[in-house]
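Structure below is structure_16.pdb: PDB, C-alpha atoms and all ligand atoms.
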ATOM      1  CA  ASP A  30     -14.231-146.523 -14.402
ATOM      2  CA  GLU A  31     -11.010-146.166 -16.321
ATOM      3  CA  THR A  32      -9.070-142.992 -16.041
ATOM      4  CA  GLU A  33      -6.446-142.113 -18.626
ATOM      5  CA  PRO A  34      -3.029-141.409 -17.165
ATOM      6  CA  VAL A  35      -2.279-137.728 -17.399
ATOM      7  CA  GLU A  36       0.874-137.123 -19.362
ATOM      8  CA  GLU A  37       3.157-134.386 -18.252
ATOM      9  CA  VAL A  38       3.342-131.708 -20.925
ATOM     10  CA  ARG A  39       6.915-130.671 -21.530
ATOM     11  CA  PRO A  40       7.696-127.687 -23.728
ATOM     12  CA  GLN A  41       8.556-128.994 -27.191
ATOM     13  CA  ALA A  42      11.554-127.708 -29.104
ATOM     14  CA  PRO A  43      10.277-125.897 -32.188
ATOM     15  CA  VAL A  44      11.378-127.248 -35.555
ATOM     16  CA  LYS A  45      14.543-125.327 -36.169
ATOM     17  CA  PRO A  46      16.106-124.490 -39.486
ATOM     18  CA  MET A  47      19.386-126.294 -40.261
ATOM     19  CA  THR A  48      22.193-123.762 -40.337
ATOM     20  CA  ALA A  49      25.974-123.927 -40.611
ATOM     21  CA  THR A  50      26.294-121.154 -38.032
ATOM     22  CA  GLU A  51      25.229-122.385 -34.615
ATOM     23  CA  VAL A  52      22.561-120.429 -32.784
ATOM     24  CA  LYS A  53      22.893-120.497 -29.017
ATOM     25  CA  VAL A  54      21.070-118.814 -26.166
ATOM     26  CA  ASN A  55      22.081-116.544 -23.280
ATOM     27  CA  VAL A  56      20.843-117.757 -19.910
ATOM     28  CA  SER A  57      20.571-114.916 -17.417
ATOM     29  CA  ILE A  58      19.640-116.992 -14.372
ATOM     30  CA  PRO A  59      19.763-120.779 -13.822
ATOM     31  CA  GLU A  60      15.955-120.723 -13.306
ATOM     32  CA  ALA A  61      15.527-119.833 -17.003
ATOM     33  CA  ALA A  62      17.360-122.969 -18.180
ATOM     34  CA  GLU A  63      14.328-125.063 -19.080
ATOM     35  CA  ARG A  64      12.734-122.312 -21.135
ATOM     36  CA  ALA A  65      16.104-121.634 -22.814
ATOM     37  CA  ALA A  66      16.631-125.302 -23.679
ATOM     38  CA  ALA A  67      13.139-125.498 -25.155
ATOM     39  CA  THR A  68      14.113-122.975 -27.839
ATOM     40  CA  GLY A  69      16.118-125.726 -29.529
ATOM     41  CA  ALA A  70      19.272-123.592 -29.279
ATOM     42  CA  ASP A  71      22.592-125.318 -29.989
ATOM     43  CA  GLY A  72      23.880-124.563 -26.518
ATOM     44  CA  VAL A  73      24.348-121.731 -24.038
ATOM     45  CA  GLY A  74      26.582-118.895 -25.242
ATOM     46  CA  LEU A  75      26.664-117.107 -21.901
ATOM     47  CA  LEU A  76      25.867-118.097 -18.334
ATOM     48  CA  ARG A  77      27.108-115.496 -15.860
ATOM     49  CA  ILE A  78      28.406-116.809 -12.530
ATOM     50  CA  GLU A  79      27.811-113.550 -10.687
ATOM     51  CA  HIS A  80      24.046-114.039 -10.569
ATOM     52  CA  MET A  81      24.596-117.197  -8.539
ATOM     53  CA  ILE A  82      26.611-115.203  -6.001
ATOM     54  CA  LEU A  83      24.881-111.819  -6.100
ATOM     55  CA  SER A  84      21.508-113.478  -5.531
ATOM     56  CA  THR A  85      22.745-114.470  -2.052
ATOM     57  CA  ASN A  86      23.038-110.709  -1.412
ATOM     58  CA  LYS A  87      26.651-111.094  -0.270
ATOM     59  CA  THR A  88      30.004-110.312  -1.835
ATOM     60  CA  PRO A  89      32.085-113.448  -2.504
ATOM     61  CA  GLU A  90      34.401-112.549   0.367
ATOM     62  CA  ARG A  91      31.494-112.117   2.804
ATOM     63  CA  TYR A  92      29.792-115.269   1.595
ATOM     64  CA  ILE A  93      32.941-117.303   2.209
ATOM     65  CA  GLU A  94      33.426-115.644   5.624
ATOM     66  CA  ASP A  95      29.849-116.489   6.680
ATOM     67  CA  HIS A  96      29.350-119.929   5.122
ATOM     68  CA  GLY A  97      32.786-121.280   4.244
ATOM     69  CA  GLU A  98      34.623-122.154   1.053
ATOM     70  CA  ASP A  99      32.781-125.397   0.384
ATOM     71  CA  ALA A 100      29.382-123.703   0.475
ATOM     72  CA  TYR A 101      30.637-121.048  -1.954
ATOM     73  CA  ILE A 102      31.889-123.711  -4.356
ATOM     74  CA  GLU A 103      28.620-125.602  -3.997
ATOM     75  CA  GLU A 104      26.607-122.481  -4.828
ATOM     76  CA  ILE A 105      28.423-122.302  -8.176
ATOM     77  CA  VAL A 106      28.369-126.048  -8.862
ATOM     78  CA  ASP A 107      24.602-126.178  -8.243
ATOM     79  CA  GLY A 108      23.898-123.112 -10.372
ATOM     80  CA  VAL A 109      25.893-124.400 -13.342
ATOM     81  CA  ARG A 110      24.687-127.976 -12.962
ATOM     82  CA  GLY A 111      21.041-127.031 -13.352
ATOM     83  CA  VAL A 112      21.793-125.492 -16.747
ATOM     84  CA  ALA A 113      24.358-128.100 -17.843
ATOM     85  CA  ASP A 114      21.828-130.870 -17.114
ATOM     86  CA  GLU A 115      19.086-129.174 -19.063
ATOM     87  CA  PHE A 116      21.323-128.753 -22.120
ATOM     88  CA  TYR A 117      23.466-131.878 -21.984
ATOM     89  CA  PRO A 118      25.262-132.704 -24.287
ATOM     90  CA  ARG A 119      24.888-129.273 -25.837
ATOM     91  CA  PRO A 120      27.722-126.988 -24.641
ATOM     92  CA  VAL A 121      27.220-124.454 -21.857
ATOM     93  CA  ARG A 122      29.668-121.558 -21.754
ATOM     94  CA  VAL A 123      30.105-120.291 -18.220
ATOM     95  CA  ARG A 124      31.710-116.941 -17.604
ATOM     96  CA  THR A 125      33.812-116.375 -14.508
ATOM     97  CA  LEU A 126      32.846-113.603 -12.112
ATOM     98  CA  ASP A 127      32.515-110.122 -13.587
ATOM     99  CA  ALA A 128      30.732-107.598 -11.418
ATOM    100  CA  PRO A 129      31.933-103.997 -11.106
ATOM    101  CA  THR A 130      32.652-102.698  -7.604
ATOM    102  CA  ASP A 131      29.551-100.467  -7.585
ATOM    103  CA  GLU A 132      27.384-103.588  -7.911
ATOM    104  CA  PHE A 133      29.293-105.360  -5.143
ATOM    105  CA  ARG A 134      29.003-102.261  -2.931
ATOM    106  CA  GLN A 135      25.265-102.719  -2.580
ATOM    107  CA  LEU A 136      25.665-106.172  -1.061
ATOM    108  CA  GLU A 137      26.513-107.369   2.454
ATOM    109  CA  GLY A 138      30.261-106.969   2.679
ATOM    110  CA  GLY A 139      30.149-104.226   0.062
ATOM    111  CA  GLU A 140      31.566-101.694   2.535
ATOM    112  CA  ASN A 141      34.953-103.338   1.941
ATOM    113  CA  GLU A 142      34.843-102.699  -1.794
ATOM    114  CA  PRO A 143      37.231-100.053  -3.128
ATOM    115  CA  GLU A 144      35.580 -96.725  -3.943
ATOM    116  CA  GLU A 145      36.122 -96.198  -7.651
ATOM    117  CA  HIS A 146      35.587 -93.082  -9.696
ATOM    118  CA  ASN A 147      34.794 -95.151 -12.781
ATOM    119  CA  PRO A 148      33.975 -98.783 -11.949
ATOM    120  CA  MET A 149      33.504 -99.711 -15.616
ATOM    121  CA  LEU A 150      37.188 -98.942 -16.190
ATOM    122  CA  GLY A 151      38.170-100.449 -12.894
ATOM    123  CA  TYR A 152      38.437-103.520 -10.789
ATOM    124  CA  ARG A 153      36.282-106.119 -12.540
ATOM    125  CA  GLY A 154      36.386-109.267 -14.619
ATOM    126  CA  ILE A 155      39.649-111.126 -15.048
ATOM    127  CA  ARG A 156      41.600-108.210 -13.543
ATOM    128  CA  ARG A 157      40.017-108.754 -10.173
ATOM    129  CA  SER A 158      40.184-112.552 -10.494
ATOM    130  CA  LEU A 159      43.920-112.482 -11.222
ATOM    131  CA  ASP A 160      44.507-110.093  -8.308
ATOM    132  CA  THR A 161      42.524-112.231  -5.864
ATOM    133  CA  PRO A 162      43.510-115.818  -6.693
ATOM    134  CA  ASP A 163      42.420-116.980  -3.236
ATOM    135  CA  VAL A 164      38.821-116.161  -4.137
ATOM    136  CA  PHE A 165      39.084-117.032  -7.833
ATOM    137  CA  LYS A 166      40.450-120.506  -7.090
ATOM    138  CA  HIS A 167      37.045-121.491  -5.658
ATOM    139  CA  GLU A 168      35.363-120.754  -8.985
ATOM    140  CA  LEU A 169      37.950-122.909 -10.708
ATOM    141  CA  GLU A 170      37.473-125.638  -8.119
ATOM    142  CA  ALA A 171      33.747-125.575  -8.937
ATOM    143  CA  PHE A 172      34.611-126.164 -12.601
ATOM    144  CA  ARG A 173      36.978-128.989 -11.655
ATOM    145  CA  GLN A 174      34.227-130.682  -9.665
ATOM    146  CA  LEU A 175      31.749-130.278 -12.518
ATOM    147  CA  PHE A 176      34.200-131.920 -14.937
ATOM    148  CA  GLU A 177      34.793-134.710 -12.448
ATOM    149  CA  MET A 178      31.031-135.266 -12.245
ATOM    150  CA  GLY A 179      31.009-135.775 -16.015
ATOM    151  CA  TYR A 180      29.761-132.394 -17.202
ATOM    152  CA  ASP A 181      32.061-132.352 -20.205
ATOM    153  CA  ASN A 182      29.678-129.906 -21.892
ATOM    154  CA  VAL A 183      30.781-127.093 -19.581
ATOM    155  CA  GLU A 184      33.116-124.488 -21.086
ATOM    156  CA  ILE A 185      35.055-121.765 -19.249
ATOM    157  CA  MET A 186      35.050-118.168 -20.456
ATOM    158  CA  PHE A 187      37.164-115.325 -19.056
ATOM    159  CA  PRO A 188      35.744-111.760 -19.155
ATOM    160  CA  LEU A 189      37.485-108.451 -19.842
ATOM    161  CA  VAL A 190      40.867-109.819 -20.885
ATOM    162  CA  ASN A 191      43.141-107.324 -22.622
ATOM    163  CA  ASP A 192      45.989-109.441 -23.901
ATOM    164  CA  ALA A 193      47.813-112.773 -23.985
ATOM    165  CA  GLU A 194      49.364-112.078 -20.601
ATOM    166  CA  ASP A 195      45.916-112.032 -18.983
ATOM    167  CA  VAL A 196      45.102-115.244 -20.815
ATOM    168  CA  LEU A 197      48.308-117.044 -19.839
ATOM    169  CA  ARG A 198      47.867-116.087 -16.191
ATOM    170  CA  ALA A 199      44.270-117.336 -16.187
ATOM    171  CA  LYS A 200      45.403-120.531 -17.900
ATOM    172  CA  GLY A 201      48.093-120.990 -15.237
ATOM    173  CA  LEU A 202      45.491-120.712 -12.471
ATOM    174  CA  MET A 203      43.291-123.245 -14.268
ATOM    175  CA  GLU A 204      46.203-125.673 -14.293
ATOM    176  CA  GLU A 205      46.929-124.989 -10.614
ATOM    177  CA  ALA A 206      43.303-125.833  -9.875
ATOM    178  CA  GLY A 207      43.731-129.234 -11.518
ATOM    179  CA  ILE A 208      41.999-128.450 -14.820
ATOM    180  CA  ASP A 209      43.816-129.555 -17.974
ATOM    181  CA  PRO A 210      43.363-126.750 -20.542
ATOM    182  CA  GLU A 211      44.180-129.208 -23.342
ATOM    183  CA  LYS A 212      41.208-131.364 -22.410
ATOM    184  CA  ARG A 213      38.638-128.620 -21.847
ATOM    185  CA  SER A 214      37.035-125.986 -24.000
ATOM    186  CA  TRP A 215      37.956-122.545 -22.722
ATOM    187  CA  GLY A 216      38.218-119.070 -24.129
ATOM    188  CA  VAL A 217      37.794-115.367 -23.697
ATOM    189  CA  MET A 218      35.384-112.528 -24.230
ATOM    190  CA  ILE A 219      36.418-109.852 -26.699
ATOM    191  CA  GLU A 220      35.283-106.727 -24.898
ATOM    192  CA  THR A 221      38.081-104.212 -25.376
ATOM    193  CA  PRO A 222      39.745-102.958 -28.563
ATOM    194  CA  ALA A 223      43.014-104.273 -27.074
ATOM    195  CA  ALA A 224      41.582-107.787 -26.941
ATOM    196  CA  ALA A 225      40.291-107.567 -30.512
ATOM    197  CA  LEU A 226      43.644-106.307 -31.798
ATOM    198  CA  GLY A 227      45.621-108.814 -29.733
ATOM    199  CA  VAL A 228      43.627-111.942 -30.435
ATOM    200  CA  GLU A 229      46.382-113.616 -32.459
ATOM    201  CA  LYS A 230      48.646-113.853 -29.413
ATOM    202  CA  MET A 231      45.711-115.145 -27.369
ATOM    203  CA  ALA A 232      45.142-117.820 -29.999
ATOM    204  CA  GLU A 233      48.784-118.830 -29.597
ATOM    205  CA  ALA A 234      48.185-119.037 -25.835
ATOM    206  CA  GLY A 235      45.711-121.833 -26.541
ATOM    207  CA  ILE A 236      42.170-120.443 -26.405
ATOM    208  CA  ASP A 237      39.463-122.496 -28.132
ATOM    209  CA  PHE A 238      37.017-119.647 -28.638
ATOM    210  CA  ALA A 239      36.594-115.884 -28.582
ATOM    211  CA  SER A 240      33.162-114.403 -27.894
ATOM    212  CA  PHE A 241      32.241-110.785 -28.610
ATOM    213  CA  GLY A 242      30.887-109.002 -25.568
ATOM    214  CA  THR A 243      29.476-106.185 -27.647
ATOM    215  CA  ASN A 244      27.943-104.379 -24.666
ATOM    216  CA  ASP A 245      31.443-103.614 -23.430
ATOM    217  CA  LEU A 246      33.220-103.671 -26.807
ATOM    218  CA  THR A 247      30.914-100.875 -27.969
ATOM    219  CA  GLN A 248      31.341 -98.851 -24.785
ATOM    220  CA  TYR A 249      35.144 -99.048 -24.900
ATOM    221  CA  THR A 250      35.538 -98.588 -28.656
ATOM    222  CA  LEU A 251      33.290 -95.522 -28.795
ATOM    223  CA  ALA A 252      34.085 -94.205 -25.290
ATOM    224  CA  VAL A 253      30.351 -94.215 -24.577
ATOM    225  CA  ASP A 254      29.403 -95.280 -21.041
ATOM    226  CA  ARG A 255      26.776 -97.992 -21.501
ATOM    227  CA  ASN A 256      24.946 -96.810 -18.370
ATOM    228  CA  ASN A 257      24.919 -93.081 -19.115
ATOM    229  CA  GLY A 258      21.595 -91.826 -20.472
ATOM    230  CA  ASN A 259      23.181 -88.586 -21.726
ATOM    231  CA  VAL A 260      25.067 -90.472 -24.417
ATOM    232  CA  ALA A 261      22.674 -93.392 -24.892
ATOM    233  CA  ASP A 262      21.892 -92.296 -28.462
ATOM    234  CA  ARG A 263      25.590 -92.688 -29.289
ATOM    235  CA  PHE A 264      25.763 -96.269 -28.076
ATOM    236  CA  ASP A 265      25.800 -98.076 -31.409
ATOM    237  CA  GLU A 266      26.887-101.703 -31.592
ATOM    238  CA  LEU A 267      26.679-101.450 -35.378
ATOM    239  CA  HIS A 268      29.126 -98.541 -35.567
ATOM    240  CA  PRO A 269      31.648 -99.230 -38.378
ATOM    241  CA  ALA A 270      34.539 -99.200 -35.882
ATOM    242  CA  VAL A 271      32.908-101.948 -33.809
ATOM    243  CA  LEU A 272      32.040-103.979 -36.902
ATOM    244  CA  ASP A 273      35.614-103.627 -38.219
ATOM    245  CA  LEU A 274      37.091-104.890 -34.951
ATOM    246  CA  ILE A 275      34.697-107.843 -35.111
ATOM    247  CA  SER A 276      35.567-108.649 -38.745
ATOM    248  CA  GLN A 277      39.291-108.489 -38.087
ATOM    249  CA  THR A 278      39.001-110.705 -35.035
ATOM    250  CA  ILE A 279      36.958-113.333 -36.883
ATOM    251  CA  GLU A 280      39.496-113.447 -39.704
ATOM    252  CA  THR A 281      42.461-113.870 -37.352
ATOM    253  CA  CYS A 282      40.624-116.501 -35.321
ATOM    254  CA  ARG A 283      39.721-118.464 -38.443
ATOM    255  CA  ASP A 284      43.403-118.591 -39.409
ATOM    256  CA  HIS A 285      44.159-120.086 -35.984
ATOM    257  CA  ASP A 286      41.236-122.523 -35.679
ATOM    258  CA  VAL A 287      39.681-120.494 -32.895
ATOM    259  CA  ASN A 288      35.869-120.452 -32.837
ATOM    260  CA  THR A 289      34.130-117.083 -32.762
ATOM    261  CA  SER A 290      30.836-116.116 -31.222
ATOM    262  CA  ILE A 291      28.857-113.237 -29.779
ATOM    263  CA  CYS A 292      27.185-113.074 -26.395
ATOM    264  CA  GLY A 293      26.393-109.356 -26.098
ATOM    265  CA  GLN A 294      22.869-108.001 -26.623
ATOM    266  CA  ALA A 295      23.642-107.237 -30.266
ATOM    267  CA  GLY A 296      23.559-110.964 -31.047
ATOM    268  CA  SER A 297      19.771-110.664 -31.011
ATOM    269  CA  LYS A 298      19.750-107.909 -33.668
ATOM    270  CA  PRO A 299      19.220-108.894 -37.324
ATOM    271  CA  ARG A 300      21.838-106.478 -38.707
ATOM    272  CA  MET A 301      24.513-107.841 -36.384
ATOM    273  CA  VAL A 302      23.458-111.402 -37.219
ATOM    274  CA  LYS A 303      23.879-110.610 -40.910
ATOM    275  CA  HIS A 304      27.341-109.133 -40.324
ATOM    276  CA  LEU A 305      28.500-112.131 -38.273
ATOM    277  CA  VAL A 306      27.226-114.738 -40.740
ATOM    278  CA  ASN A 307      28.743-112.873 -43.671
ATOM    279  CA  GLU A 308      32.089-112.692 -41.858
ATOM    280  CA  GLY A 309      31.964-116.377 -40.943
ATOM    281  CA  ALA A 310      31.461-116.409 -37.163
ATOM    282  CA  THR A 311      31.072-119.928 -35.754
ATOM    283  CA  SER A 312      28.072-119.208 -33.566
ATOM    284  CA  ILE A 313      25.680-116.532 -32.383
ATOM    285  CA  SER A 314      24.104-116.396 -28.964
ATOM    286  CA  ALA A 315      20.798-114.592 -28.529
ATOM    287  CA  ASN A 316      18.282-113.842 -25.794
ATOM    288  CA  ILE A 317      15.669-116.530 -25.208
ATOM    289  CA  ASP A 318      12.901-114.572 -26.910
ATOM    290  CA  ALA A 319      15.058-113.812 -29.957
ATOM    291  CA  VAL A 320      16.453-117.312 -30.670
ATOM    292  CA  ARG A 321      13.721-118.242 -33.138
ATOM    293  CA  ASP A 322      14.106-115.076 -35.214
ATOM    294  CA  VAL A 323      17.887-115.338 -35.156
ATOM    295  CA  GLN A 324      17.719-118.950 -36.388
ATOM    296  CA  HIS A 325      15.651-117.810 -39.366
ATOM    297  CA  GLU A 326      17.808-114.761 -40.059
ATOM    298  CA  VAL A 327      20.933-116.948 -40.036
ATOM    299  CA  LYS A 328      19.265-119.332 -42.482
ATOM    300  CA  ARG A 329      18.273-116.462 -44.772
ATOM    301  CA  VAL A 330      21.772-114.949 -44.838
ATOM    302  CA  GLU A 331      23.449-118.329 -45.325
ATOM    303  CA  GLN A 332      21.167-119.133 -48.265
ATOM    304  CA  LYS A 333      21.926-115.789 -49.851
ATOM    305  CA  LEU A 334      25.675-116.386 -49.456
ATOM    306  CA  LEU A 335      25.305-119.766 -51.097
ATOM    307  CA  LEU A 336      23.303-118.371 -54.021
ATOM    308  CA  ASP A 337      25.762-115.520 -54.505
ATOM    309  CA  SER A 338      28.651-117.992 -54.597
ATOM    310  CA  VAL A 339      27.181-119.995 -57.494
ATOM    311  CA  ARG A 340      25.925-117.033 -59.532
TER
HETATM  312  C1  LIG B 401      29.075-107.811 -22.898
HETATM  313  O1  LIG B 401      29.870-106.979 -22.452
HETATM  314  O2  LIG B 401      28.603-107.752 -24.067
HETATM  315  C2  LIG B 401      28.618-108.926 -22.044
HETATM  316  C3  LIG B 401      27.892-109.911 -22.529
HETATM  317  O3  LIG B 401      28.984-108.881 -20.723
HETATM  318  P1  LIG B 401      28.205-107.985 -19.625
HETATM  319  O4  LIG B 401      27.001-107.403 -20.312
HETATM  320  O5  LIG B 401      27.905-108.891 -18.515
HETATM  321  O6  LIG B 401      29.248-106.964 -19.316
HETATM  322 MG    MG B 402      30.842-107.421 -20.590
END

Exercise: express the given structure as structure tokens:
Amino acid sequence: DETEPVEEVRPQAPVKPMTATEVKVNVSIPEAAERAAATGADGVGLLRIEHMILSTNKTPERYIEDHGEDAYIEEIVDGVRGVADEFYPRPVRVRTLDAPTDEFRQLEGGENEPEEHNPMLGYRGIRRSLDTPDVFKHELEAFRQLFEMGYDNVEIMFPLVNDAEDVLRAKGLMEEAGIDPEKRSWGVMIETPAAALGVEKMAEAGIDFASFGTNDLTQYTLAVDRNNGNVADRFDELHPAVLDLISQTIETCRDHDVNTSICGQAGSKPRMVKHLVNEGATSISANIDAVRDVQHEVKRVEQKLLLDSVR
């Protein structure tokens, strides 16, 4: 009576086309890491920290009050580690906290959040982090611990920066937290026209990459609230003004050896993929379900560029 051992069936990475432009994947929650890694993506273009905190149903301040600083740090380390393990040695770009006050308001501790007339133009992203270094330093400590554990595939990304001053202040806090910016890959999201127009100075401040957050870049370039149904038909990530800002940014970054990428929803759209490949972006990050199609679209556009160059 011989029984065959049952082999565990792991999802296989599909055969992926070889492309010069990297195709990465956005991971919305750490639980999706295995499925994301199975796409064969070249890494994670966006992992948002706030889901690790918001899923506890507490604001960061309340969480720390109730459970202590170490538990807060551990929450982040564990969340990132699950994804960094799954992808190792492929890079995983982790974005520091970026939740608007109206999202925080719904949580335990939310009663202490400032009441804002327009949270999307308010206290969020790097602005809040720079204003509350005593909370932000725990995120940076989580990164330091991850690096110490050997997760050299983890990259740090700062959201909603406007200019080199934001970048230099964030860099200073990284250094204070014991992270050597020269040794790590770190960068910014390009989400405001100011950031797109000011990227040269940010490059001089030492960033390694700039990633287009087209959800916000579109909203701020066109003055179209991304959450307002009345103007939803005017929310166009492919608007010429948005595409121009992207093109300009890629060109400046290329001159300064700064990698460029996209991590907004538009990275899953074929017309945006075509624009980015034609302009020479380094990588594109797409939703899990779109990775396969984006890989093939990138291949198609790259082949066309090659053919056009020899004709
Ligand atoms: C973006 O703005 O495109 C982005 C990816 O960030 P979020 O959607 O979290 O604002
Ligand atoms: Mg954004």

Adding 3 Å on each side of the box along x, y and z that holds all listed atoms of ligand LIG 401 (chain B), could you give its centre and edge lengths in Å to one decimal, as JSON?
{"center_x": 28.4, "center_y": -108.4, "center_z": -21.3, "size_x": 8.9, "size_y": 8.9, "size_z": 11.6}

Starting from the PyMOL selection byres (((chain A and resi 331) around 8) and not hetatm), expand the selection into actual residues of this file and give them as a list of chain:residue names. A:Thr48, A:Ala49, A:Val306, A:Asn307, A:Val327, A:Lys328, A:Arg329, A:Val330, A:Gln332, A:Lys333, A:Leu334, A:Leu335

Counting all atoms listed in the file, which of A:Leu76, A:Met47, A:Met218, A:Leu175 gets nearest to Val123 (chain A)?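 Closest to Val123 (chain A) of all the choices is A:Leu76.
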
Once you count only C-alpha atoms, which residues end up no further than 10 Å from (18.6, -123.8, -14.7) in the file's frame, shown as a short mmCIF file (atom, residue, chain, number, x, y, z; two decimals) with C-alpha atoms, keeping the file's coordinate frame?
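Result went into result_8.cif, see below:
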data_model
loop_
_atom_site.label_atom_id
_atom_site.label_comp_id
_atom_site.auth_asym_id
_atom_site.auth_seq_id
_atom_site.Cartn_x
_atom_site.Cartn_y
_atom_site.Cartn_z
CA VAL A 56 20.84 -117.76 -19.91
CA SER A 57 20.57 -114.92 -17.42
CA ILE A 58 19.64 -116.99 -14.37
CA PRO A 59 19.76 -120.78 -13.82
CA GLU A 60 15.96 -120.72 -13.31
CA ALA A 61 15.53 -119.83 -17.00
CA ALA A 62 17.36 -122.97 -18.18
CA GLU A 63 14.33 -125.06 -19.08
CA ARG A 64 12.73 -122.31 -21.14
CA ALA A 65 16.10 -121.63 -22.81
CA ALA A 66 16.63 -125.30 -23.68
CA LEU A 76 25.87 -118.10 -18.33
CA ASP A 107 24.60 -126.18 -8.24
CA GLY A 108 23.90 -123.11 -10.37
CA VAL A 109 25.89 -124.40 -13.34
CA ARG A 110 24.69 -127.98 -12.96
CA GLY A 111 21.04 -127.03 -13.35
CA VAL A 112 21.79 -125.49 -16.75
CA ALA A 113 24.36 -128.10 -17.84
CA ASP A 114 21.83 -130.87 -17.11
CA GLU A 115 19.09 -129.17 -19.06
CA PHE A 116 21.32 -128.75 -22.12
#

What would the selection look like, as a list in words, if the PyMOL selection byres (((not hetatm)) within 9 of (chain B and resi 402)) were run on the coordinates I just shared?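 The output of the PyMOL selection byres (((not hetatm)) within 9 of (chain B and resi 402)) on this file is Asp127, Gly154, Pro188, Leu189, Met218, Ile219, Glu220, Phe241, Gly242, Thr243, Asn244, Asp245, Leu246, Cys292 and Gly293 of chain A.
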
Here's the selection I'm unsure about, the PyMOL selection byres (((chain A and resi 313) around 10) and not hetatm); applied to the file above, which residues does it give, as a PyMOL selection string? chain A and resi 50-55+71+73-74+240-241+289-293+295-297+301-302+305-306+310-312+314-315+320+323-324+327

Skipping near chain neighbours, those fewer than 6 positions away, what residues fall within 12 Å of Asp160 (chain A) using only C-alpha atoms, listed as a list in words?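 Residues meeting the cut-off are Tyr152, Arg153, Gly154, Lys166, Asp195, Arg198, Ala199 and Leu202 of chain A.
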
Please dump the current selection as a PDB file, keeping the file's coordinate frame; keep C-alpha atoms.
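Resulting contents of result33.pdb:
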ATOM      1  CA  TYR A 152      38.437-103.520 -10.789  1.00  0.00           C
ATOM      2  CA  ARG A 153      36.282-106.119 -12.540  1.00  0.00           C
ATOM      3  CA  GLY A 154      36.386-109.267 -14.619  1.00  0.00           C
ATOM      4  CA  LYS A 166      40.450-120.506  -7.090  1.00  0.00           C
ATOM      5  CA  ASP A 195      45.916-112.032 -18.983  1.00  0.00           C
ATOM      6  CA  ARG A 198      47.867-116.087 -16.191  1.00  0.00           C
ATOM      7  CA  ALA A 199      44.270-117.336 -16.187  1.00  0.00           C
ATOM      8  CA  LEU A 202      45.491-120.712 -12.471  1.00  0.00           C
TER       9      LEU A 202
END

For the atom pair CA of Pro89 (chain A) and CA of Ile185 (chain A), what is the interatomic distance in Å to one decimal place? 18.9 Å
